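Data block below; observations after.
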Amino acid sequence: MNTVQRKASVTRTTKETDIALTLCLDGTGKTDIQSGIGFLDHMLTLLAFWARFDLELTCKGDLHIDSHHSIEDIGLCLGSAFHNALTSRNNANGIERVGFAKIPMDEALTEICLDLSGRAWLEWRGDELLPPVIAGDEKDVWREFYKAFVSSAKMNLHIQFLYGKNGHHLLESAAKGVGKALQKAVYINDTVATSTKGSLDL
């Protein structure tokens with residue numbers, strides 16, 4: 001197996017955000033995250049730790065307006081870095097490609113299924129369980145975060161909140177589940193593409 005790390009860096013500078021992000025898929029879960037949004041830092045730390053990805057991130061965003069631009073743009077950058085790192089070695093041949101997890105957090109349970117297929121799709125179900133506001137932000141920003149992530153990562157991601165009462169717990173179980181499913185999906189166990197077409201559309 002090739003021991004070269006799958007790693008990528010992405011920067012994004014607009015009138016709304018200034019982001020620098022480095023992601024390593026073959027890491028240990030080490031993070032240094034400074035998004036300016038404490039709850040997002042927490043969710044990204046959980047995702048990276050459970051995926052065993054190393055993640056460095058800084059973001060200076062227009063938080064005087066709200067957190068929407070920062071959260072969405074960080075999702076885009078994380079997805080781009082993931083895609084670039086994944087395809088940095090031989091078009092991702094040999095990866096498991098699919099991953100799944102079902103993660104509890106106290107009373108909450110979330111199910112995650114994903115496919116690194118090259119086709120971007122987010123299926124976001126059960127969000128009626130989420131309270132309208134979580135950590136000061138409307139709940140919809142989290143759907144927008146994952147939508148941005150999958151669009152630039154070119155992955156198929158299904159998140160289903162099965163049950164729970166606490167919004168923090170529900171989103172935490174989702175972040176852990178996405179991380180665990182990604183850990184499984186990026187694992188290299190062969191030298192050929194996991195597709196009857198002979199290659200992945202990444």
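Labeling convention for the structure tokens: chains A, B, ... as they appear, residues from 1 per chain, ligands from 1 in order of appearance.
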Might you pull out every residue within 10 Å of range 99-105 of chain A, with only C-alpha atoms counted and same-chain residues fewer than 3 positions away left off, and present them as a PyMOL selection string?
chain A and resi 96+108-116+157-164+166+168-187
Exercise: range 57-72 of chain A partners within 8 Å, only C-alpha atoms, chain neighbours under 3 positions left out, as a PDB file with N, CA, C and O atoms, in the first residue's frame:
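Result file part37.pdb:
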```
ATOM      1  N   GLU A  16     -17.215  38.053   1.971  1.00  0.00           N
ATOM      2  CA  GLU A  16     -17.929  37.511   3.127  1.00  0.00           C
ATOM      3  C   GLU A  16     -17.049  36.677   4.051  1.00  0.00           C
ATOM      4  O   GLU A  16     -17.246  36.684   5.266  1.00  0.00           O
ATOM      5  N   THR A  17     -16.076  35.965   3.476  1.00  0.00           N
ATOM      6  CA  THR A  17     -15.228  35.085   4.287  1.00  0.00           C
ATOM      7  C   THR A  17     -13.804  35.037   3.751  1.00  0.00           C
ATOM      8  O   THR A  17     -13.567  35.253   2.562  1.00  0.00           O
ATOM      9  N   ASP A  18     -12.883  34.731   4.651  1.00  0.00           N
ATOM     10  CA  ASP A  18     -11.483  34.483   4.303  1.00  0.00           C
ATOM     11  C   ASP A  18     -11.093  33.189   5.010  1.00  0.00           C
ATOM     12  O   ASP A  18     -10.953  33.161   6.237  1.00  0.00           O
ATOM     13  N   ILE A  19     -10.929  32.108   4.234  1.00  0.00           N
ATOM     14  CA  ILE A  19     -10.783  30.764   4.798  1.00  0.00           C
ATOM     15  C   ILE A  19      -9.489  30.116   4.308  1.00  0.00           C
ATOM     16  O   ILE A  19      -9.147  30.194   3.128  1.00  0.00           O
ATOM     17  N   ALA A  20      -8.783  29.473   5.216  1.00  0.00           N
ATOM     18  CA  ALA A  20      -7.636  28.620   4.888  1.00  0.00           C
ATOM     19  C   ALA A  20      -7.853  27.282   5.579  1.00  0.00           C
ATOM     20  O   ALA A  20      -8.108  27.235   6.788  1.00  0.00           O
ATOM     21  N   LEU A  21      -7.763  26.195   4.819  1.00  0.00           N
ATOM     22  CA  LEU A  21      -8.084  24.867   5.354  1.00  0.00           C
ATOM     23  C   LEU A  21      -7.116  23.831   4.800  1.00  0.00           C
ATOM     24  O   LEU A  21      -6.830  23.833   3.599  1.00  0.00           O
ATOM     25  N   THR A  22      -6.610  22.975   5.653  1.00  0.00           N
ATOM     26  CA  THR A  22      -5.779  21.838   5.251  1.00  0.00           C
ATOM     27  C   THR A  22      -6.362  20.572   5.852  1.00  0.00           C
ATOM     28  O   THR A  22      -6.664  20.518   7.047  1.00  0.00           O
ATOM     29  N   ASP A  32      -6.934  21.686  14.570  1.00  0.00           N
ATOM     30  CA  ASP A  32      -6.682  23.058  15.003  1.00  0.00           C
ATOM     31  C   ASP A  32      -7.680  23.910  14.230  1.00  0.00           C
ATOM     32  O   ASP A  32      -7.439  24.280  13.082  1.00  0.00           O
ATOM     33  N   ILE A  33      -8.825  24.186  14.844  1.00  0.00           N
ATOM     34  CA  ILE A  33      -9.959  24.785  14.150  1.00  0.00           C
ATOM     35  C   ILE A  33     -10.334  26.104  14.809  1.00  0.00           C
ATOM     36  O   ILE A  33     -10.599  26.148  16.007  1.00  0.00           O
ATOM     37  N   GLN A  34     -10.352  27.159  14.007  1.00  0.00           N
ATOM     38  CA  GLN A  34     -10.714  28.488  14.496  1.00  0.00           C
ATOM     39  C   GLN A  34     -11.636  29.139  13.462  1.00  0.00           C
ATOM     40  O   GLN A  34     -11.208  29.921  12.634  1.00  0.00           O
ATOM     41  N   SER A  35     -12.900  28.768  13.549  1.00  0.00           N
ATOM     42  CA  SER A  35     -13.877  29.279  12.589  1.00  0.00           C
ATOM     43  C   SER A  35     -14.511  30.575  13.038  1.00  0.00           C
ATOM     44  O   SER A  35     -15.165  31.257  12.237  1.00  0.00           O
ATOM     45  N   GLY A  36     -14.365  30.913  14.320  1.00  0.00           N
ATOM     46  CA  GLY A  36     -15.066  32.046  14.874  1.00  0.00           C
ATOM     47  C   GLY A  36     -16.441  31.689  15.404  1.00  0.00           C
ATOM     48  O   GLY A  36     -17.139  32.538  15.962  1.00  0.00           O
ATOM     49  N   ILE A  37     -16.835  30.420  15.215  1.00  0.00           N
ATOM     50  CA  ILE A  37     -18.148  29.932  15.654  1.00  0.00           C
ATOM     51  C   ILE A  37     -17.909  28.709  16.529  1.00  0.00           C
ATOM     52  O   ILE A  37     -17.565  27.625  16.025  1.00  0.00           O
ATOM     53  N   LEU A  40     -19.663  25.340  15.688  1.00  0.00           N
ATOM     54  CA  LEU A  40     -19.132  24.738  14.458  1.00  0.00           C
ATOM     55  C   LEU A  40     -17.767  24.114  14.718  1.00  0.00           C
ATOM     56  O   LEU A  40     -17.483  23.008  14.222  1.00  0.00           O
ATOM     57  N   GLY A  75     -18.150  24.695   4.662  1.00  0.00           N
ATOM     58  CA  GLY A  75     -18.605  23.439   4.067  1.00  0.00           C
ATOM     59  C   GLY A  75     -18.064  23.252   2.662  1.00  0.00           C
ATOM     60  O   GLY A  75     -17.605  22.166   2.286  1.00  0.00           O
ATOM     61  N   LEU A  76     -18.105  24.323   1.860  1.00  0.00           N
ATOM     62  CA  LEU A  76     -17.566  24.255   0.496  1.00  0.00           C
ATOM     63  C   LEU A  76     -16.072  23.947   0.503  1.00  0.00           C
ATOM     64  O   LEU A  76     -15.590  23.115  -0.284  1.00  0.00           O
ATOM     65  N   ASP A 137     -28.040  29.819  16.301  1.00  0.00           N
ATOM     66  CA  ASP A 137     -28.241  29.830  14.854  1.00  0.00           C
ATOM     67  C   ASP A 137     -29.490  29.048  14.478  1.00  0.00           C
ATOM     68  O   ASP A 137     -29.829  28.039  15.117  1.00  0.00           O
ATOM     69  N   VAL A 141     -29.031  26.255   8.950  1.00  0.00           N
ATOM     70  CA  VAL A 141     -27.638  26.444   8.546  1.00  0.00           C
ATOM     71  C   VAL A 141     -26.890  25.118   8.518  1.00  0.00           C
ATOM     72  O   VAL A 141     -25.913  24.971   7.778  1.00  0.00           O
ATOM     73  N   TRP A 142     -27.352  24.139   9.277  1.00  0.00           N
ATOM     74  CA  TRP A 142     -26.663  22.850   9.299  1.00  0.00           C
ATOM     75  C   TRP A 142     -26.976  22.017   8.066  1.00  0.00           C
ATOM     76  O   TRP A 142     -26.102  21.326   7.538  1.00  0.00           O
ATOM     77  N   GLU A 144     -27.540  23.522   5.244  1.00  0.00           N
ATOM     78  CA  GLU A 144     -26.748  24.240   4.252  1.00  0.00           C
ATOM     79  C   GLU A 144     -25.265  23.876   4.340  1.00  0.00           C
ATOM     80  O   GLU A 144     -24.579  23.810   3.316  1.00  0.00           O
ATOM     81  N   PHE A 145     -24.765  23.636   5.542  1.00  0.00           N
ATOM     82  CA  PHE A 145     -23.371  23.214   5.696  1.00  0.00           C
ATOM     83  C   PHE A 145     -23.133  21.881   4.996  1.00  0.00           C
ATOM     84  O   PHE A 145     -22.190  21.741   4.198  1.00  0.00           O
ATOM     85  N   ALA A 148     -23.416  22.146   1.170  1.00  0.00           N
ATOM     86  CA  ALA A 148     -22.206  22.715   0.583  1.00  0.00           C
ATOM     87  C   ALA A 148     -21.073  21.693   0.573  1.00  0.00           C
ATOM     88  O   ALA A 148     -20.328  21.575  -0.405  1.00  0.00           O
TER      89      ALA A 148
END
```
Exercise: Lys30 in chain A partners within 12 Å, only C-alpha atoms, chain neighbours under 4 positions left out, as an MDAnalysis selection string:
chainID A and resid 22:26 44:57
In range 31-195 of chain A, what's helix (DSSP H, G or I) per DSSP? Answer as a PyMOL selection string?
chain A and resi 38-51+68-86+90-92+127-129+140-153+167-185
Could you write out that same residue set with C-alpha atoms as a compact mmCIF listing (two decimals), in the first residue's frame?
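Okay, this is what ended up in selection.txt:
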```
# COMPACT_ATOMS: atom_id res chain seq x y z
CA GLY A 38 -17.69 27.80 18.76
CA PHE A 39 -20.42 25.28 18.00
CA LEU A 40 -19.13 24.74 14.46
CA ASP A 41 -15.61 24.21 15.84
CA HIS A 42 -17.09 21.54 18.10
CA MET A 43 -18.92 19.77 15.25
CA LEU A 44 -15.87 19.84 12.96
CA THR A 45 -13.64 18.54 15.74
CA LEU A 46 -16.02 15.62 16.26
CA LEU A 47 -16.25 14.86 12.54
CA ALA A 48 -12.48 14.91 12.06
CA PHE A 49 -11.78 12.88 15.21
CA TRP A 50 -14.23 10.13 14.30
CA ALA A 51 -12.94 10.08 10.70
CA HIS A 68 -24.55 31.64 7.61
CA HIS A 69 -21.83 32.72 5.15
CA SER A 70 -19.02 31.29 7.30
CA ILE A 71 -20.74 27.95 7.89
CA GLU A 72 -21.68 27.47 4.24
CA ASP A 73 -18.29 28.55 2.87
CA ILE A 74 -16.45 26.32 5.33
CA GLY A 75 -18.61 23.44 4.07
CA LEU A 76 -17.57 24.25 0.50
CA CYS A 77 -13.88 24.42 1.43
CA LEU A 78 -14.01 21.22 3.46
CA GLY A 79 -15.65 19.41 0.56
CA SER A 80 -13.12 20.74 -1.94
CA ALA A 81 -10.20 19.73 0.25
CA PHE A 82 -11.72 16.30 0.77
CA HIS A 83 -12.21 15.76 -2.96
CA ASN A 84 -8.72 16.98 -3.81
CA ALA A 85 -7.13 14.81 -1.12
CA LEU A 86 -9.13 11.77 -2.16
CA ASN A 90 -4.67 7.48 -8.72
CA ASN A 91 -8.28 8.69 -8.85
CA ALA A 92 -9.19 7.07 -5.51
CA ASP A 127 -34.91 17.61 10.85
CA GLU A 128 -38.34 18.34 12.32
CA LEU A 129 -36.75 16.89 15.46
CA ASP A 140 -31.29 25.36 8.57
CA VAL A 141 -27.64 26.44 8.55
CA TRP A 142 -26.66 22.85 9.30
CA ARG A 143 -28.49 21.53 6.27
CA GLU A 144 -26.75 24.24 4.25
CA PHE A 145 -23.37 23.21 5.70
CA TYR A 146 -23.78 19.58 4.68
CA LYS A 147 -25.26 20.55 1.30
CA ALA A 148 -22.21 22.72 0.58
CA PHE A 149 -19.89 19.94 1.78
CA VAL A 150 -21.35 17.22 -0.44
CA SER A 151 -21.59 19.49 -3.49
CA SER A 152 -17.86 20.18 -3.54
CA ALA A 153 -16.85 16.75 -2.21
CA GLY A 167 -30.64 19.70 19.17
CA HIS A 168 -27.02 19.61 20.32
CA HIS A 169 -27.21 15.84 20.80
CA LEU A 170 -28.84 15.29 17.41
CA LEU A 171 -26.24 17.32 15.52
CA GLU A 172 -23.42 15.76 17.52
CA SER A 173 -24.58 12.25 16.65
CA ALA A 174 -24.72 13.33 12.98
CA ALA A 175 -21.19 14.79 12.99
CA LYS A 176 -19.77 11.68 14.65
CA GLY A 177 -21.67 9.46 12.23
CA VAL A 178 -20.48 11.32 9.15
CA GLY A 179 -16.92 11.07 10.44
CA LYS A 180 -17.17 7.34 11.12
CA ALA A 181 -18.78 6.66 7.73
CA LEU A 182 -16.06 8.67 5.96
CA GLN A 183 -13.37 6.73 7.81
CA LYS A 184 -14.80 3.52 6.38
CA ALA A 185 -15.36 4.91 2.87
```
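For the atom pair formed by CA of Lys7 in chain A and CA of Ile95 in chain A, the distance is 15.2 Å, given to one decimal.
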Point-to-point distance in Å for CA of Gly29 in chain A and CA of Gly118 in chain A:
24.6 Å
Check chain A with DSSP on the backbone and list each residue it calls strand (DSSP E), as a VMD selection string.
chain A and resid 7 to 13 17 to 24 31 to 34 54 to 61 98 to 105 108 to 115 121 to 125 133 to 134 137 to 138 156 to 163
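Of the residues listed (A:Met155, A:Val133, A:Leu202, A:Leu122), A:Leu202 shows the shortest atom-to-atom separation from Ser88 in chain A; distances use only C-alpha atoms.
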